[in-house]
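Participant: First, the structure itself, so that you have it in front of you.
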Amino acid sequence: QRIIYLSSTSVYGEDVAYFEKISEIQFEGEISNNPLSFKYYDENKIVLSKTMKEHLRFATCYWHSFTWPGLDPFGGPTLNRPWMKSGNTMEMAELKLEEAFDFFSKITTPYFCFHDRDISPEGETYAETQKNFFHIIDLMEKKMSQTGVKLLWGTANAFSHKRFMAGASTNPDPEVFAYAAAQVKDCMNATNRLGGENYVLWGGREGYETILNTNMKIEMENLARFLELVVNHKHKIGFKGQILLEPKPHEPTKHQYDFDSASCLALIRKAGLENEIKLNIEVNHATLSGHNFEHEIAYAISNNVLGSIDINRGDTLLGWDTDQFPNNAHDLLMPFYYIFSNGGLKQGGLNFDAKIRRQSIDPEDLFYAHIGGMDVAARVLLAVEKMINDKILPKYVDDRYSNWNNELGTFIHDKNNDLESIASKVINENLEPKPKSGQQELLENILNKYL
Ligand code: XLS
Ligand code: NI
Ligand code: NI
């Protein structure tokens, strides 16, 4: 059921379907040799009392998969997509929408995510940009109801255009702040209209290159003000989704205020919005910040700010955001264990903020990439189910902290006590802590059996 859009026929002379040769991807199981089938992701399979589809909540992303043309710092586009042939025009935007929804349906991710600038081009003025955007949003609303594909989150791109070269909400020029505010307002309204379950803020250039020209205090106060405006707008329009902040340590800017989960939480607290904003944690951003993914997940869960996940991976030999599709089960095991033993993704999901390599130029490559990512996540979910049911890890952890339930633990937390009364216990009761093994190798060996 292809929608009739303004003008693609005038560009091609026919109705072109880029993914025409590929049909909907089916679960065929481990025995199948068909590369265009799922080996582990069986969307209706029940795991931990819900279907895989309900747990994993996969989303395809519009930007890396449909907007990025294969550029790298040394070379131009390699991906010769029909919707890129005549530049960033409205005709191309309509065609891209058509092809993107064809892909979403065939790969069977129940969700997608987009930036405002992925789906429609900028005009000469903001008013024209806005008109372009809402024209595509109208068509998108139709495609969503035709296909049943839902929106995990929307976001505004306030980092690509040169007006944002010194940041968006942290720009020294308030006109840039206002411009970003206009974009975010429109994108939140669109996300709300499309029934999006979250709205993401990724800073992009909310940081600085050199302190020589930077007033950090003003920049951080303005960023906090921006967060406050976003939350107020959410309530004004009655948006039911979660507002999420996405940490990233650097790239594009050298120092980013949203460096990691902890820095983001500090910003959220600076704005007094700890009950309003959660985090969208990305694997490759975690590793670039010098943490691993499980640390970022555990930090967010421990502080009740886990919102959603951008699921990709980096390359240990390359020091930048390679945004590759996940394919390493070991790296996902502990993060998924934390997530699914703490209530799962809830309103969040697993967004493939991941791109194929620039040499992967065939239509099938985009399918292989997503199939691999979905299969590895499904495999890890199955392993996590066993881990949770076996209850081995909690036994070790609970045991390690069990003395906190005893008299001394209670005494320390009693607000009537102070450093002096605690210290006097050491002398009066002759306390002499006995070191205990952390048993790391034993626990690592236990993990192995689940993979
Ligand atoms: C870039 C970010 C970006 C956000 C959305 O590194 O991951 O893709 O997810 O703006
Ligand atoms: Ni991301
Ligand atoms: Ni990334």
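Convention: chains lettered A, B, ... in structure tokens order; per-chain residue numbering from 1; ligands numbered from 1 as shown.
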Could I get the residue neighbourhood of ligand 2 at 9 Å, counting only C-alpha atoms and all ligand atoms, as a PyMOL selection string?

Facilitator: chain A and resi 202+246-248+280-285+309-312+323+351-354

Participant: Would you mind listing what lies within 12 Å of Ala262 of chain A as a PDB file with all heavy atoms, in the first residue's frame, with only C-alpha atoms counted and same-chain residues fewer than 4 positions away left out?

Facilitator:
ATOM      1  N   LEU A 245      17.622  12.758  28.429  1.00  0.00           N
ATOM      2  CA  LEU A 245      18.875  13.421  28.086  1.00  0.00           C
ATOM      3  C   LEU A 245      19.855  12.323  27.689  1.00  0.00           C
ATOM      4  O   LEU A 245      19.932  11.298  28.362  1.00  0.00           O
ATOM      5  CB  LEU A 245      19.354  14.150  29.344  1.00  0.00           C
ATOM      6  CG  LEU A 245      20.276  15.338  29.230  1.00  0.00           C
ATOM      7  CD1 LEU A 245      19.694  16.397  28.310  1.00  0.00           C
ATOM      8  CD2 LEU A 245      20.492  15.949  30.632  1.00  0.00           C
ATOM      9  N   GLU A 246      20.599  12.543  26.592  1.00  0.00           N
ATOM     10  CA  GLU A 246      21.530  11.505  26.128  1.00  0.00           C
ATOM     11  C   GLU A 246      22.976  11.915  26.391  1.00  0.00           C
ATOM     12  O   GLU A 246      23.464  12.878  25.811  1.00  0.00           O
ATOM     13  CB  GLU A 246      21.307  11.244  24.632  1.00  0.00           C
ATOM     14  CG  GLU A 246      22.246  10.186  24.083  1.00  0.00           C
ATOM     15  CD  GLU A 246      21.943   9.806  22.639  1.00  0.00           C
ATOM     16  OE1 GLU A 246      20.761   9.808  22.253  1.00  0.00           O
ATOM     17  OE2 GLU A 246      22.900   9.523  21.902  1.00  0.00           O
ATOM     18  N   PRO A 247      23.670  11.191  27.266  1.00  0.00           N
ATOM     19  CA  PRO A 247      25.065  11.537  27.549  1.00  0.00           C
ATOM     20  C   PRO A 247      26.005  11.221  26.383  1.00  0.00           C
ATOM     21  O   PRO A 247      25.804  10.238  25.662  1.00  0.00           O
ATOM     22  CB  PRO A 247      25.436  10.627  28.733  1.00  0.00           C
ATOM     23  CG  PRO A 247      24.174   9.999  29.210  1.00  0.00           C
ATOM     24  CD  PRO A 247      23.223  10.020  28.061  1.00  0.00           C
ATOM     25  N   LYS A 248      27.012  12.052  26.217  1.00  0.00           N
ATOM     26  CA  LYS A 248      28.116  11.760  25.284  1.00  0.00           C
ATOM     27  C   LYS A 248      29.305  12.612  25.709  1.00  0.00           C
ATOM     28  O   LYS A 248      29.149  13.807  25.924  1.00  0.00           O
ATOM     29  CB  LYS A 248      27.711  12.079  23.842  1.00  0.00           C
ATOM     30  CG  LYS A 248      28.789  11.673  22.831  1.00  0.00           C
ATOM     31  CD  LYS A 248      28.321  11.819  21.386  1.00  0.00           C
ATOM     32  CE  LYS A 248      29.405  11.350  20.437  1.00  0.00           C
ATOM     33  NZ  LYS A 248      28.997  11.450  19.031  1.00  0.00           N
ATOM     34  N   PRO A 249      30.490  12.026  25.838  1.00  0.00           N
ATOM     35  CA  PRO A 249      31.595  12.751  26.458  1.00  0.00           C
ATOM     36  C   PRO A 249      32.227  13.847  25.594  1.00  0.00           C
ATOM     37  O   PRO A 249      32.587  14.900  26.093  1.00  0.00           O
ATOM     38  CB  PRO A 249      32.619  11.656  26.742  1.00  0.00           C
ATOM     39  CG  PRO A 249      32.322  10.587  25.753  1.00  0.00           C
ATOM     40  CD  PRO A 249      30.846  10.631  25.537  1.00  0.00           C
ATOM     41  N   TYR A 257      29.059  19.142  28.397  1.00  0.00           N
ATOM     42  CA  TYR A 257      28.455  19.223  29.738  1.00  0.00           C
ATOM     43  C   TYR A 257      27.673  17.951  30.058  1.00  0.00           C
ATOM     44  O   TYR A 257      27.391  17.661  31.208  1.00  0.00           O
ATOM     45  CB  TYR A 257      27.535  20.452  29.837  1.00  0.00           C
ATOM     46  CG  TYR A 257      28.281  21.748  29.571  1.00  0.00           C
ATOM     47  CD1 TYR A 257      27.838  22.646  28.606  1.00  0.00           C
ATOM     48  CD2 TYR A 257      29.450  22.047  30.273  1.00  0.00           C
ATOM     49  CE1 TYR A 257      28.530  23.824  28.359  1.00  0.00           C
ATOM     50  CE2 TYR A 257      30.154  23.223  30.028  1.00  0.00           C
ATOM     51  CZ  TYR A 257      29.688  24.111  29.068  1.00  0.00           C
ATOM     52  OH  TYR A 257      30.377  25.261  28.816  1.00  0.00           O
ATOM     53  N   ASP A 258      27.298  17.212  29.002  1.00  0.00           N
ATOM     54  CA  ASP A 258      26.525  15.972  29.175  1.00  0.00           C
ATOM     55  C   ASP A 258      27.442  14.744  29.039  1.00  0.00           C
ATOM     56  O   ASP A 258      27.089  13.753  28.432  1.00  0.00           O
ATOM     57  CB  ASP A 258      25.403  15.931  28.119  1.00  0.00           C
ATOM     58  CG  ASP A 258      25.909  16.252  26.707  1.00  0.00           C
ATOM     59  OD1 ASP A 258      27.123  16.506  26.526  1.00  0.00           O
ATOM     60  OD2 ASP A 258      25.089  16.246  25.762  1.00  0.00           O
ATOM     61  N   ALA A 266      23.834  15.494  37.113  1.00  0.00           N
ATOM     62  CA  ALA A 266      24.179  16.761  37.780  1.00  0.00           C
ATOM     63  C   ALA A 266      23.442  17.925  37.103  1.00  0.00           C
ATOM     64  O   ALA A 266      22.944  18.829  37.785  1.00  0.00           O
ATOM     65  CB  ALA A 266      25.687  16.987  37.744  1.00  0.00           C
ATOM     66  N   LEU A 267      23.368  17.895  35.770  1.00  0.00           N
ATOM     67  CA  LEU A 267      22.642  18.956  35.051  1.00  0.00           C
ATOM     68  C   LEU A 267      21.157  18.935  35.387  1.00  0.00           C
ATOM     69  O   LEU A 267      20.534  19.974  35.589  1.00  0.00           O
ATOM     70  CB  LEU A 267      22.762  18.726  33.535  1.00  0.00           C
ATOM     71  CG  LEU A 267      24.045  19.162  32.846  1.00  0.00           C
ATOM     72  CD1 LEU A 267      24.034  18.684  31.405  1.00  0.00           C
ATOM     73  CD2 LEU A 267      24.167  20.681  32.906  1.00  0.00           C
ATOM     74  N   ILE A 268      20.615  17.725  35.418  1.00  0.00           N
ATOM     75  CA  ILE A 268      19.180  17.573  35.718  1.00  0.00           C
ATOM     76  C   ILE A 268      18.900  18.114  37.120  1.00  0.00           C
ATOM     77  O   ILE A 268      17.931  18.837  37.348  1.00  0.00           O
ATOM     78  CB  ILE A 268      18.767  16.082  35.588  1.00  0.00           C
ATOM     79  CG1 ILE A 268      18.865  15.632  34.126  1.00  0.00           C
ATOM     80  CG2 ILE A 268      17.369  15.846  36.144  1.00  0.00           C
ATOM     81  CD1 ILE A 268      18.729  14.125  33.916  1.00  0.00           C
ATOM     82  N   ARG A 269      19.803  17.792  38.043  1.00  0.00           N
ATOM     83  CA  ARG A 269      19.620  18.267  39.421  1.00  0.00           C
ATOM     84  C   ARG A 269      19.833  19.775  39.515  1.00  0.00           C
ATOM     85  O   ARG A 269      19.147  20.458  40.273  1.00  0.00           O
ATOM     86  CB  ARG A 269      20.552  17.527  40.374  1.00  0.00           C
ATOM     87  CG  ARG A 269      20.086  16.085  40.561  1.00  0.00           C
ATOM     88  CD  ARG A 269      20.938  15.319  41.548  1.00  0.00           C
ATOM     89  NE  ARG A 269      20.371  13.985  41.776  1.00  0.00           N
ATOM     90  CZ  ARG A 269      21.086  12.915  42.087  1.00  0.00           C
ATOM     91  NH1 ARG A 269      22.396  13.000  42.215  1.00  0.00           N
ATOM     92  NH2 ARG A 269      20.486  11.752  42.272  1.00  0.00           N
ATOM     93  N   LYS A 278      14.846  11.658  32.445  1.00  0.00           N
ATOM     94  CA  LYS A 278      15.640  10.445  32.600  1.00  0.00           C
ATOM     95  C   LYS A 278      16.713  10.426  31.500  1.00  0.00           C
ATOM     96  O   LYS A 278      16.880  11.417  30.796  1.00  0.00           O
ATOM     97  CB  LYS A 278      14.734   9.219  32.544  1.00  0.00           C
ATOM     98  CG  LYS A 278      13.816   9.068  33.773  1.00  0.00           C
ATOM     99  CD  LYS A 278      13.105   7.746  33.697  1.00  0.00           C
ATOM    100  CE  LYS A 278      12.425   7.222  34.908  1.00  0.00           C
ATOM    101  NZ  LYS A 278      12.139   7.944  36.070  1.00  0.00           N
ATOM    102  N   LEU A 279      17.415   9.300  31.375  1.00  0.00           N
ATOM    103  CA  LEU A 279      18.548   9.260  30.443  1.00  0.00           C
ATOM    104  C   LEU A 279      18.318   8.299  29.287  1.00  0.00           C
ATOM    105  O   LEU A 279      17.693   7.245  29.443  1.00  0.00           O
ATOM    106  CB  LEU A 279      19.816   8.834  31.187  1.00  0.00           C
ATOM    107  CG  LEU A 279      20.228   9.700  32.378  1.00  0.00           C
ATOM    108  CD1 LEU A 279      21.493   9.137  33.020  1.00  0.00           C
ATOM    109  CD2 LEU A 279      20.454  11.155  31.949  1.00  0.00           C
ATOM    110  N   ILE A 281      20.735   6.191  27.244  1.00  0.00           N
ATOM    111  CA  ILE A 281      22.144   5.791  27.319  1.00  0.00           C
ATOM    112  C   ILE A 281      22.579   5.043  26.066  1.00  0.00           C
ATOM    113  O   ILE A 281      21.912   4.104  25.634  1.00  0.00           O
ATOM    114  CB  ILE A 281      22.372   4.926  28.577  1.00  0.00           C
ATOM    115  CG1 ILE A 281      22.059   5.793  29.807  1.00  0.00           C
ATOM    116  CG2 ILE A 281      23.797   4.395  28.633  1.00  0.00           C
ATOM    117  CD1 ILE A 281      22.245   5.087  31.118  1.00  0.00           C
ATOM    118  N   ALA A 286      29.100   5.474  26.162  1.00  0.00           N
ATOM    119  CA  ALA A 286      29.588   4.995  27.460  1.00  0.00           C
ATOM    120  C   ALA A 286      31.076   4.668  27.339  1.00  0.00           C
ATOM    121  O   ALA A 286      31.887   5.131  28.147  1.00  0.00           O
ATOM    122  CB  ALA A 286      28.809   3.757  27.888  1.00  0.00           C
ATOM    123  N   SER A 289      33.413   7.560  27.072  1.00  0.00           N
ATOM    124  CA  SER A 289      33.585   8.340  28.300  1.00  0.00           C
ATOM    125  C   SER A 289      34.518   7.628  29.276  1.00  0.00           C
ATOM    126  O   SER A 289      34.731   8.108  30.385  1.00  0.00           O
ATOM    127  CB  SER A 289      32.234   8.631  28.954  1.00  0.00           C
ATOM    128  OG  SER A 289      31.673   7.445  29.486  1.00  0.00           O
ATOM    129  N   HIS A 291      33.946   4.685  30.543  1.00  0.00           N
ATOM    130  CA  HIS A 291      33.200   3.704  31.341  1.00  0.00           C
ATOM    131  C   HIS A 291      32.868   2.540  30.429  1.00  0.00           C
ATOM    132  O   HIS A 291      33.079   2.598  29.227  1.00  0.00           O
ATOM    133  CB  HIS A 291      31.873   4.302  31.824  1.00  0.00           C
ATOM    134  CG  HIS A 291      32.020   5.508  32.683  1.00  0.00           C
ATOM    135  ND1 HIS A 291      32.714   5.516  33.867  1.00  0.00           N
ATOM    136  CD2 HIS A 291      31.526   6.764  32.537  1.00  0.00           C
ATOM    137  CE1 HIS A 291      32.650   6.717  34.410  1.00  0.00           C
ATOM    138  NE2 HIS A 291      31.944   7.496  33.626  1.00  0.00           N
ATOM    139  N   HIS A 295      28.401  -0.058  33.421  1.00  0.00           N
ATOM    140  CA  HIS A 295      28.551   0.967  34.459  1.00  0.00           C
ATOM    141  C   HIS A 295      27.484   2.051  34.289  1.00  0.00           C
ATOM    142  O   HIS A 295      26.820   2.438  35.252  1.00  0.00           O
ATOM    143  CB  HIS A 295      29.933   1.619  34.401  1.00  0.00           C
ATOM    144  CG  HIS A 295      29.990   2.881  35.209  1.00  0.00           C
ATOM    145  ND1 HIS A 295      30.222   2.879  36.561  1.00  0.00           N
ATOM    146  CD2 HIS A 295      29.764   4.190  34.871  1.00  0.00           C
ATOM    147  CE1 HIS A 295      30.150   4.121  37.023  1.00  0.00           C
ATOM    148  NE2 HIS A 295      29.874   4.938  36.016  1.00  0.00           N
ATOM    149  N   GLU A 296      27.331   2.517  33.057  1.00  0.00           N
ATOM    150  CA  GLU A 296      26.368   3.589  32.808  1.00  0.00           C
ATOM    151  C   GLU A 296      24.939   3.132  33.132  1.00  0.00           C
ATOM    152  O   GLU A 296      24.141   3.880  33.690  1.00  0.00           O
ATOM    153  CB  GLU A 296      26.468   4.063  31.354  1.00  0.00           C
ATOM    154  CG  GLU A 296      27.751   4.841  31.072  1.00  0.00           C
ATOM    155  CD  GLU A 296      27.743   6.212  31.741  1.00  0.00           C
ATOM    156  OE1 GLU A 296      27.280   7.189  31.127  1.00  0.00           O
ATOM    157  OE2 GLU A 296      28.208   6.286  32.887  1.00  0.00           O
ATOM    158  N   ILE A 297      24.648   1.874  32.765  1.00  0.00           N
ATOM    159  CA  ILE A 297      23.316   1.325  33.050  1.00  0.00           C
ATOM    160  C   ILE A 297      23.109   1.199  34.560  1.00  0.00           C
ATOM    161  O   ILE A 297      22.079   1.606  35.102  1.00  0.00           O
ATOM    162  CB  ILE A 297      23.163  -0.068  32.372  1.00  0.00           C
ATOM    163  CG1 ILE A 297      23.162   0.078  30.855  1.00  0.00           C
ATOM    164  CG2 ILE A 297      21.920  -0.799  32.853  1.00  0.00           C
ATOM    165  CD1 ILE A 297      21.997   0.857  30.304  1.00  0.00           C
ATOM    166  N   ALA A 298      24.112   0.647  35.237  1.00  0.00           N
ATOM    167  CA  ALA A 298      23.972   0.438  36.684  1.00  0.00           C
ATOM    168  C   ALA A 298      23.856   1.789  37.397  1.00  0.00           C
ATOM    169  O   ALA A 298      23.076   1.943  38.337  1.00  0.00           O
ATOM    170  CB  ALA A 298      25.165  -0.352  37.214  1.00  0.00           C
ATOM    171  N   TYR A 299      24.610   2.769  36.924  1.00  0.00           N
ATOM    172  CA  TYR A 299      24.547   4.113  37.531  1.00  0.00           C
ATOM    173  C   TYR A 299      23.140   4.689  37.375  1.00  0.00           C
ATOM    174  O   TYR A 299      22.558   5.235  38.323  1.00  0.00           O
ATOM    175  CB  TYR A 299      25.581   5.038  36.872  1.00  0.00           C
ATOM    176  CG  TYR A 299      25.633   6.391  37.543  1.00  0.00           C
ATOM    177  CD1 TYR A 299      26.482   6.617  38.628  1.00  0.00           C
ATOM    178  CD2 TYR A 299      24.794   7.424  37.131  1.00  0.00           C
ATOM    179  CE1 TYR A 299      26.500   7.844  39.282  1.00  0.00           C
ATOM    180  CE2 TYR A 299      24.806   8.651  37.777  1.00  0.00           C
ATOM    181  CZ  TYR A 299      25.663   8.859  38.850  1.00  0.00           C
ATOM    182  OH  TYR A 299      25.669  10.067  39.489  1.00  0.00           O
ATOM    183  N   ALA A 300      22.599   4.559  36.162  1.00  0.00           N
ATOM    184  CA  ALA A 300      21.266   5.118  35.905  1.00  0.00           C
ATOM    185  C   ALA A 300      20.207   4.388  36.727  1.00  0.00           C
ATOM    186  O   ALA A 300      19.345   5.016  37.348  1.00  0.00           O
ATOM    187  CB  ALA A 300      20.942   5.029  34.416  1.00  0.00           C
ATOM    188  N   ILE A 301      20.293   3.061  36.763  1.00  0.00           N
ATOM    189  CA  ILE A 301      19.289   2.297  37.515  1.00  0.00           C
ATOM    190  C   ILE A 301      19.394   2.633  39.003  1.00  0.00           C
ATOM    191  O   ILE A 301      18.381   2.837  39.682  1.00  0.00           O
ATOM    192  CB  ILE A 301      19.443   0.784  37.249  1.00  0.00           C
ATOM    193  CG1 ILE A 301      18.979   0.470  35.822  1.00  0.00           C
ATOM    194  CG2 ILE A 301      18.653  -0.051  38.265  1.00  0.00           C
ATOM    195  CD1 ILE A 301      19.164  -0.962  35.379  1.00  0.00           C
ATOM    196  N   SER A 302      20.618   2.739  39.501  1.00  0.00           N
ATOM    197  CA  SER A 302      20.798   3.025  40.926  1.00  0.00           C
ATOM    198  C   SER A 302      20.228   4.384  41.305  1.00  0.00           C
ATOM    199  O   SER A 302      19.879   4.616  42.458  1.00  0.00           O
ATOM    200  CB  SER A 302      22.280   3.015  41.297  1.00  0.00           C
ATOM    201  OG  SER A 302      22.834   1.788  40.917  1.00  0.00           O
ATOM    202  N   ASN A 303      20.173   5.301  40.342  1.00  0.00           N
ATOM    203  CA  ASN A 303      19.642   6.644  40.620  1.00  0.00           C
ATOM    204  C   ASN A 303      18.249   6.853  40.027  1.00  0.00           C
ATOM    205  O   ASN A 303      17.786   7.998  39.927  1.00  0.00           O
ATOM    206  CB  ASN A 303      20.609   7.699  40.083  1.00  0.00           C
ATOM    207  CG  ASN A 303      21.873   7.785  40.922  1.00  0.00           C
ATOM    208  OD1 ASN A 303      21.853   8.298  42.022  1.00  0.00           O
ATOM    209  ND2 ASN A 303      22.959   7.229  40.399  1.00  0.00           N
ATOM    210  N   VAL A 305      17.123   6.770  36.970  1.00  0.00           N
ATOM    211  CA  VAL A 305      17.002   7.634  35.783  1.00  0.00           C
ATOM    212  C   VAL A 305      17.203   6.865  34.476  1.00  0.00           C
ATOM    213  O   VAL A 305      17.481   7.476  33.440  1.00  0.00           O
ATOM    214  CB  VAL A 305      17.969   8.852  35.825  1.00  0.00           C
ATOM    215  CG1 VAL A 305      17.486   9.907  36.802  1.00  0.00           C
ATOM    216  CG2 VAL A 305      19.398   8.444  36.123  1.00  0.00           C
ATOM    217  N   LEU A 306      17.053   5.548  34.495  1.00  0.00           N
ATOM    218  CA  LEU A 306      17.174   4.840  33.218  1.00  0.00           C
ATOM    219  C   LEU A 306      15.913   5.090  32.391  1.00  0.00           C
ATOM    220  O   LEU A 306      14.808   4.817  32.845  1.00  0.00           O
ATOM    221  CB  LEU A 306      17.369   3.332  33.418  1.00  0.00           C
ATOM    222  CG  LEU A 306      17.482   2.556  32.096  1.00  0.00           C
ATOM    223  CD1 LEU A 306      18.742   2.946  31.335  1.00  0.00           C
ATOM    224  CD2 LEU A 306      17.445   1.062  32.313  1.00  0.00           C
TER     225      LEU A 306
END

Participant: What is the distance between atom CA of Gly409 of chain A and atom CA of Ala423 of chain A, in Å to one decimal?

Facilitator: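 Between these atoms lies a distance of 13.5 Å.
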
Participant: With only C-alpha atoms as the basis for distance, which of A:Asn157, A:Ser120, A:Arg358, A:Gly167 is at the shortest distance from Gly76 of chain A?

Facilitator: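 Looking at the shortest contact to Gly76 of chain A, the residue is A:Arg358.
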
Participant: Neighbouring residues of segment 240-242 of chain A were defined as those with any atom within 10 Å, considering only C-alpha atoms; residues of the same chain fewer than 5 positions away were excluded. Please report them as a tab-separated table (two decimals) with N, CA and C atoms, in the first residue's frame.

Facilitator:
chain	number	residue	atom	x	y	z
A	152	LEU	N	9.24	5.57	18.86
A	152	LEU	CA	9.85	5.44	20.19
A	152	LEU	C	10.23	6.83	20.70
A	153	TRP	N	10.90	7.61	19.85
A	153	TRP	CA	11.17	9.01	20.23
A	153	TRP	C	11.48	9.89	19.04
A	188	MET	N	8.72	18.57	19.60
A	188	MET	CA	7.95	17.98	20.71
A	188	MET	C	6.47	17.89	20.33
A	191	THR	N	6.12	15.01	17.96
A	191	THR	CA	6.29	13.73	18.67
A	191	THR	C	5.02	13.40	19.46
A	192	ASN	N	4.47	14.42	20.07
A	192	ASN	CA	3.23	14.25	20.83
A	192	ASN	C	2.09	13.80	19.91
A	195	GLY	N	2.17	10.24	18.88
A	195	GLY	CA	2.09	9.25	19.97
A	195	GLY	C	3.45	8.74	20.41
A	196	GLY	N	4.50	9.54	20.21
A	196	GLY	CA	5.86	9.13	20.62
A	196	GLY	C	5.90	8.82	22.11
A	197	GLU	N	6.71	7.83	22.46
A	197	GLU	CA	6.74	7.41	23.87
A	197	GLU	C	7.82	8.12	24.67
A	198	ASN	N	8.71	8.84	23.96
A	198	ASN	CA	9.78	9.57	24.63
A	198	ASN	C	10.14	10.76	23.74
A	199	TYR	N	10.84	11.72	24.34
A	199	TYR	CA	11.43	12.80	23.56
A	199	TYR	C	12.88	12.94	24.04
A	200	VAL	N	13.83	12.90	23.09
A	200	VAL	CA	15.25	12.88	23.46
A	200	VAL	C	15.92	14.23	23.20
A	231	VAL	N	10.60	20.89	29.84
A	231	VAL	CA	9.70	20.19	30.76
A	231	VAL	C	8.38	20.97	30.90
A	234	LYS	N	6.33	20.27	27.88
A	234	LYS	CA	5.76	18.92	27.96
A	234	LYS	C	4.42	18.96	28.71
A	235	HIS	N	4.41	19.64	29.85
A	235	HIS	CA	3.18	19.67	30.64
A	235	HIS	C	2.11	20.53	29.98
A	276	GLU	N	11.62	14.63	36.50
A	276	GLU	CA	11.06	14.90	35.17
A	276	GLU	C	11.89	14.34	34.03
A	277	ILE	N	13.20	14.22	34.21
A	277	ILE	CA	14.06	13.84	33.08
A	277	ILE	C	14.83	12.58	33.41
A	278	LYS	N	14.85	11.66	32.44
A	278	LYS	CA	15.64	10.45	32.60
A	278	LYS	C	16.71	10.43	31.50
A	279	LEU	N	17.42	9.30	31.38
A	279	LEU	CA	18.55	9.26	30.44
A	279	LEU	C	18.32	8.30	29.29
A	307	GLY	N	16.11	5.62	31.18
A	307	GLY	CA	14.96	5.90	30.32
A	307	GLY	C	14.92	4.96	29.13
A	308	SER	N	15.96	5.01	28.29
A	308	SER	CA	15.97	4.22	27.06
A	308	SER	C	17.43	3.98	26.66
A	347	GLN	N	8.95	2.35	29.30
A	347	GLN	CA	8.60	3.18	28.13
A	347	GLN	C	9.75	3.33	27.14
A	348	GLY	N	10.94	2.91	27.55
A	348	GLY	CA	12.11	3.03	26.68
A	348	GLY	C	12.15	1.90	25.67

Participant: Compile the contact shell of Tyr368 of chain A as a PDB file with C-alpha atoms, in the first residue's frame: residues with an atom at most 12 Å away, counting only C-alpha atoms, same-chain residues fewer than 2 positions apart removed.

Facilitator:
ATOM      1  CA  ILE A  22      13.336  -8.208   0.082  1.00  0.00           C
ATOM      2  CA  ILE A  25      12.023 -10.920   7.698  1.00  0.00           C
ATOM      3  CA  ASN A  34      18.917 -17.957   5.113  1.00  0.00           C
ATOM      4  CA  PRO A  35      20.857 -14.754   5.894  1.00  0.00           C
ATOM      5  CA  LEU A  36      17.634 -12.773   5.594  1.00  0.00           C
ATOM      6  CA  SER A  37      15.977 -14.499   8.555  1.00  0.00           C
ATOM      7  CA  PHE A  38      16.103 -14.229  12.334  1.00  0.00           C
ATOM      8  CA  LYS A  39      17.903 -17.072  14.100  1.00  0.00           C
ATOM      9  CA  ILE A 107      12.618  -5.556   9.377  1.00  0.00           C
ATOM     10  CA  PHE A 325      25.564  -2.499  15.018  1.00  0.00           C
ATOM     11  CA  PRO A 326      25.908  -4.623  18.168  1.00  0.00           C
ATOM     12  CA  ASN A 327      27.253  -8.125  17.603  1.00  0.00           C
ATOM     13  CA  LYS A 355      25.180   2.690  10.974  1.00  0.00           C
ATOM     14  CA  ILE A 356      26.368   0.194   8.431  1.00  0.00           C
ATOM     15  CA  ARG A 357      29.965   0.578   7.242  1.00  0.00           C
ATOM     16  CA  SER A 360      28.094  -1.815   2.798  1.00  0.00           C
ATOM     17  CA  ILE A 361      26.345  -0.390  -0.223  1.00  0.00           C
ATOM     18  CA  ASP A 362      23.671  -2.977  -1.069  1.00  0.00           C
ATOM     19  CA  PRO A 363      20.028  -2.762   0.071  1.00  0.00           C
ATOM     20  CA  GLU A 364      20.492  -6.138   1.844  1.00  0.00           C
ATOM     21  CA  ASP A 365      23.296  -4.751   4.015  1.00  0.00           C
ATOM     22  CA  LEU A 366      20.886  -2.631   6.040  1.00  0.00           C
ATOM     23  CA  HIS A 370      19.552  -5.012  11.881  1.00  0.00           C
ATOM     24  CA  ILE A 371      19.037  -8.783  11.809  1.00  0.00           C
ATOM     25  CA  GLY A 372      22.420  -9.253  13.510  1.00  0.00           C
ATOM     26  CA  GLY A 373      21.637  -6.627  16.139  1.00  0.00           C
ATOM     27  CA  MET A 374      18.179  -8.023  16.855  1.00  0.00           C
ATOM     28  CA  ASP A 375      19.455 -11.581  17.016  1.00  0.00           C
TER      29      ASP A 375
END

Participant: Taking only C-alpha atoms and all ligand atoms into account, which of A:Trp320, A:Tyr450, A:Phe103, A:Phe336 comes nearest ligand 3?

Facilitator: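 Among the listed residues, the smallest separation from ligand 3 belongs to A:Trp320.
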
Participant: Figure out the distance between atom CA of Ile218 of chain A and atom CA of Val176 of chain A, please, to one decimal in Å.

Facilitator: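 Separation of atom CA of Val176 of chain A and atom CA of Ile218 of chain A: 14.4 Å.
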
Participant: So which bits of segment 92-234 of chain A end up strand (DSSP E or B) when you DSSP the backbone, as an MDAnalysis selection string?

Facilitator: chainID A and resid 111:115 150:155 198:202 207:208

Participant: Do a neighbour search on segment 392-397 of chain A at 10 Å with only C-alpha atoms, toss out local chain neighbours closer than 3 positions, and write the hits as a ChimeraX atom specification.

Facilitator: /A:387-389,400-402,438-439,443,446-447

Participant: So how many Å separate atom CA of Ala93 of chain A and atom CA of Leu201 of chain A, to one decimal?

Facilitator: 23.1 Å

Participant: Enumerate, as a PyMOL selection string, the complete set of residues in segment 259-441 of chain A that a backbone-based DSSP assignment places in alpha helix (DSSP H).

Facilitator: chain A and resi 261-270+283-288+293-302+329-340+363-390+392-401+407-413+419-428+440-441

Participant: If you count only C-alpha atoms, which residues fall within 12 Å of Arg81 of chain A, apart from same-chain ones fewer than 6 positions away, as a PyMOL selection string?

Facilitator: chain A and resi 16-19+65-70+87+92+95-96+99-100+361-363+366

Participant: Please provide the set of residues having any atom within 8 Å of Glu209 of chain A, restricted to only C-alpha atoms, with same-chain residues fewer than 6 positions apart removed, written as a list in words.

Facilitator: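 The residues satisfying every condition are Thr253, Lys254 and His255 of chain A.
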